[in-house]
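The block underneath contains the structure these notes are about, expressed in structure tokens.
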Amino acid sequence: MASLELKNIVKRYKSQTVLDNLSLTVADGETLVLFGPSGAGKTVLLRLVAGVIDPDEGKIFIGGDDMTDVDAEFRGVGMAFQNFALFPHMSAFDNIATPLEAKRSSQGAIKAGVESVAKLLKIAHVLSHKPRALSNGQKQRTALARALVGSPPLLLLDDPLRNVDAKLRFEMRLELPRLLADRGATVVYVTQDYKEAMALGDRIAVMSQGVIRQLGTPEQIYREPANIEIARLFGDPTINLLDVKPARDTRGIYVGLSNVQVHLAGAYETAVGRDCVIGLRPEALSFVEEGIPGAIPVTVEAETPLNEKIVTLVRTVRGREILVSRPAGTPGRSEGKAHIAVDGKSALLFDHATGDRIGSKNVVALRNGEAA
Amino acid sequence: MEHTSLLERILRGIALTLVVIFFMFPIVWIFMMSFQTNETILRIPPQLIFEPTLANYTALITGKLMTAAGTLDIAFMRNLGNSVFLSVTSVAVSLLLGVPAAYAFARHKFRGSEDIAFTLLSFKFAPALLVLLPLTLYFQKLGLANTYIGLIWVYQLICLPLILWIVRGYFEDIPADIEYAYRIGGHSWFATFRKIALPLAGPGIAAAGLLAFIFAWNNFVFALVLASADKQPVTVGALAFITSSGIQYGQISAAIVLSITPTLALALYAQRYLVEGLSLGAVKG
């Protein structure tokens, strides 16, 4: 069992700063997902923790011990690479066995260890194969098995599902959380797939340009994204973003959408009269009958059935395009004129200039950020 | 499959035959000369039909050369032994020094690493005759002239840069992640070098070793100047056939056949590695 603590990590390559004064704490047994676009510094961060590259500044603590200047082989972490990084000249068995060999385990213990983890990951039947004879899915499981076999207290998983097909990715997304929980290890998981991040993370750290932009539970990141960028990254179909200027009346603060006043629930006093962007999740919108208060007239442009849900592209009278998502089988319009209603409670308001989210709920996100 | 007409195939066959004849002719001619006496070789016009004789090979192997002026002792078999010893030892020393160095140059970019690597390569640019004069003087002072150690040392000029640069390219081709994965698994850098880098660069090391062997084997001028008769390889030893009573074409041919056999056999055996190694070295170097 081991917690992980990074303090003021700076990493530069030539003149480019890849990680900029980054601090992060991962509690013992927690699964933290590092999420962000490529080039955000996620992989570099993982390699710093693994010890294969050194930070220019800052300290790394694993289980409370300063590991900053400790060589990779003494850090006792397990790591799975995005490109699998299997040893091409060794069989799957030997690949998985390498961490145990390093511990000078007996032949019997190695065999037992490899076979139990192989059984867990359903690759027991291909242990004698060389990596080139394995399918992508089997390679990925072999790489994962190699990371798991020594029961390292800290597991680093660098986008392990990136190079496997969609079906397997879905399966592993279901299997992995239990697998990781059973191990009881502290996990740092890198991904570019928001669904993976939501499915696996106890907490998610959203990174871009070498900085953690937001740190919180999947729920917090989805409901209260710190800025427009993060709101866009989470959610499929992506969030609808419309330019608005909030105003106040007797009933509270509202925004005008196609001349319909939509009242917002939340402390948005500071936003009144400012240029803002409203973020509406497609699933927070619904088709309603004409005449209901707050119903916004739209024209249906296109409809995409996605089995479990139906996504409809509609156009407002001002020509703005909006995506509406509803569960399959619920009533809606597939063509012509329609009306939609906005759930004012789930609307998000962002500052137009900075892109930061406005509102009292920000405090929650900030508090989590500070705790890091 | 590419579709080719009959005419195209015939033309291609003729072209290939011409190329093969052009390149193989000297070797075939030498092979034929090695079974002829000086008289039949020097007949004008030359004839393709002759009575083969093993006299040349017998002379080489027994070390007794019959000339018009009498019997001459030649040390051809000893030369051959020297060639094998010098080439094998030089390549072994070069591999021992060059492979770890190549790994260091491939994996660790330290200040001046490129300059050092290039300096080592530049040894190959220097004309041998340019370095030979000072080298001879130094070797005489150091007592290395006419010693195997001295020759093997000088042969490093031929072998080391070659091995260093080819093997470096191979090491650079191994994804760093594979080595990282092994180290994170708990192995030292040396274990990683031995168990991961070396086996994966194996074909490259074999190719570089073979090439270095061929270059060392073919070397002439270093051994000519720095060694006397008993330490000389076949390339220099063949000079003994230019005798006061004429050039012994038959024996020279037989000597050539004997001396190219080991390298030819090696090259044929490993040509796949050789081509791979050469092209990779060219791209990466």
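Identifiers in this document derive from the order of the structure tokens: chains are assigned A, B, ..., residues are numbered from 1 separately in each chain, and ligands are numbered from 1 in order of occurrence.
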Quick one: everything within 12 Å of A:Lys130, counting only C-alpha atoms, minus sequence neighbours fewer than 4 positions away in the same chain. Send it as a list in words. Leu86, Phe87, Pro88, His89, Met90, Ser91, Ala92, Phe93, Asp94, Asn95, Ile96, Val126, Leu134, Ser135, Gln138, Lys139 and Thr142 of chain A
Please, could you write that set of residues out with C-alpha atoms as an mmCIF file, in the first residue's frame?
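The resulting file, selection.cif, is shown below:
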data_model
loop_
_atom_site.group_PDB
_atom_site.id
_atom_site.type_symbol
_atom_site.label_atom_id
_atom_site.label_comp_id
_atom_site.auth_asym_id
_atom_site.auth_seq_id
_atom_site.Cartn_x
_atom_site.Cartn_y
_atom_site.Cartn_z
ATOM 1 C CA LEU A 86 6.478 -6.255 -24.396
ATOM 2 C CA PHE A 87 9.871 -7.910 -24.775
ATOM 3 C CA PRO A 88 9.653 -9.296 -28.319
ATOM 4 C CA HIS A 89 12.218 -12.040 -27.788
ATOM 5 C CA MET A 90 10.481 -13.561 -24.766
ATOM 6 C CA SER A 91 7.308 -15.622 -24.501
ATOM 7 C CA ALA A 92 4.262 -14.139 -22.791
ATOM 8 C CA PHE A 93 5.120 -16.228 -19.727
ATOM 9 C CA ASP A 94 8.668 -14.867 -19.563
ATOM 10 C CA ASN A 95 7.371 -11.355 -20.159
ATOM 11 C CA ILE A 96 5.044 -11.578 -17.213
ATOM 12 C CA VAL A 126 -1.322 -18.133 -24.764
ATOM 13 C CA LEU A 134 -0.552 -12.475 -29.802
ATOM 14 C CA SER A 135 -3.564 -10.412 -30.793
ATOM 15 C CA GLN A 138 -3.792 -10.456 -25.650
ATOM 16 C CA LYS A 139 -0.765 -8.169 -25.840
ATOM 17 C CA THR A 142 0.013 -9.538 -21.115
#
When the cut-off is 12 Å and we count only C-alpha atoms, which residues of chain A are near chain B, given as a PyMOL selection string? chain A and resi 43+46-53+70-90+94-104+143-152+154-158
To test your reading of the structure, identify every residue in stretch 110-334 of chain A that backbone DSSP assigns to strand (DSSP E), and report it as a ChimeraX atom specification. /A:154-158,186-191,203-208,211-216,240-244,247-249,252-257,260-263,276-280,285-288,296-306,309-316,321-327
Fewer than 5 positions away in the same chain doesn't count, so skip those; otherwise give me all residues within 8 Å of stretch 164-167 of chain A, counting only C-alpha atoms, as JSON, numbers by chain. {"A": [136, 137, 140]}
How far is it from atom CA of A:Arg223 to atom CA of A:Glu196, in Å with one decimal?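 Atom CA of A:Glu196 lies at a distance of 16.9 Å from atom CA of A:Arg223.
Picture a line from atom CA of B:Ala208 to atom CA of B:Ala92; it runs 11.4 Å.
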Looking only at alpha helix (DSSP H) from DSSP on the backbone, list the matching residues of stretch 132-372 of chain A as a ChimeraX atom specification. /A:136-148,166-183,194-200,218-223,228-233,362-371
I'd like the contact shell of stretch 135-149 of chain B - 9 Å cut-off, only C-alpha atoms, skipping same-chain residues fewer than 6 positions apart - returned as an NGL selection string. :B and (82 or 85-86 or 223 or 225-228 or 230-232)
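Atom CA of B:Leu198 sits 12.8 Å away from atom CA of B:Ala106.
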Stretch 236-245 of chain B: which residues within 6 Å, counting only C-alpha atoms, same-chain residues fewer than 6 positions away excluded, as a VMD selection string? chain B and resid 79 220 224
Store the residues of this selection in a file with N, CA and C atoms, as a short mmCIF file (atom, residue, chain, number, x, y, z; two decimals), in the first residue's frame.
data_model
loop_
_atom_site.label_atom_id
_atom_site.label_comp_id
_atom_site.auth_asym_id
_atom_site.auth_seq_id
_atom_site.Cartn_x
_atom_site.Cartn_y
_atom_site.Cartn_z
N ASN B 79 50.46 -17.77 -42.94
CA ASN B 79 49.76 -16.51 -43.25
C ASN B 79 48.25 -16.65 -43.05
N PHE B 220 45.48 -4.81 -45.95
CA PHE B 220 46.77 -5.12 -46.54
C PHE B 220 47.88 -4.23 -45.98
N LEU B 224 51.36 -4.96 -43.93
CA LEU B 224 52.56 -4.90 -44.77
C LEU B 224 53.67 -4.11 -44.08
#
Selection near stretch 30-46 of chain B, 7 Å with only C-alpha atoms, sequence-local residues under 4 positions removed, as a ChimeraX atom specification: /B:26,52-54,56,248-251,253-254,257
Output C-alpha atoms for every residue in the selection just made, as a PDB file, in the first residue's frame.
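Below is the file part-v4.pdb, written as the result:
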ATOM      1  CA  PRO B  26      37.272 -12.661 -62.350  1.00  0.00           C
ATOM      2  CA  PRO B  52      43.705 -29.603 -64.228  1.00  0.00           C
ATOM      3  CA  THR B  53      46.481 -29.970 -61.707  1.00  0.00           C
ATOM      4  CA  LEU B  54      46.506 -29.798 -57.950  1.00  0.00           C
ATOM      5  CA  ASN B  56      49.448 -25.249 -56.848  1.00  0.00           C
ATOM      6  CA  GLN B 248      53.623 -17.602 -59.915  1.00  0.00           C
ATOM      7  CA  TYR B 249      50.126 -17.022 -61.278  1.00  0.00           C
ATOM      8  CA  GLY B 250      48.969 -20.515 -60.496  1.00  0.00           C
ATOM      9  CA  GLN B 251      49.921 -20.343 -56.854  1.00  0.00           C
ATOM     10  CA  SER B 253      45.265 -17.987 -57.803  1.00  0.00           C
ATOM     11  CA  ALA B 254      45.204 -20.956 -55.487  1.00  0.00           C
ATOM     12  CA  VAL B 257      40.843 -19.131 -53.689  1.00  0.00           C
TER      13      VAL B 257
END
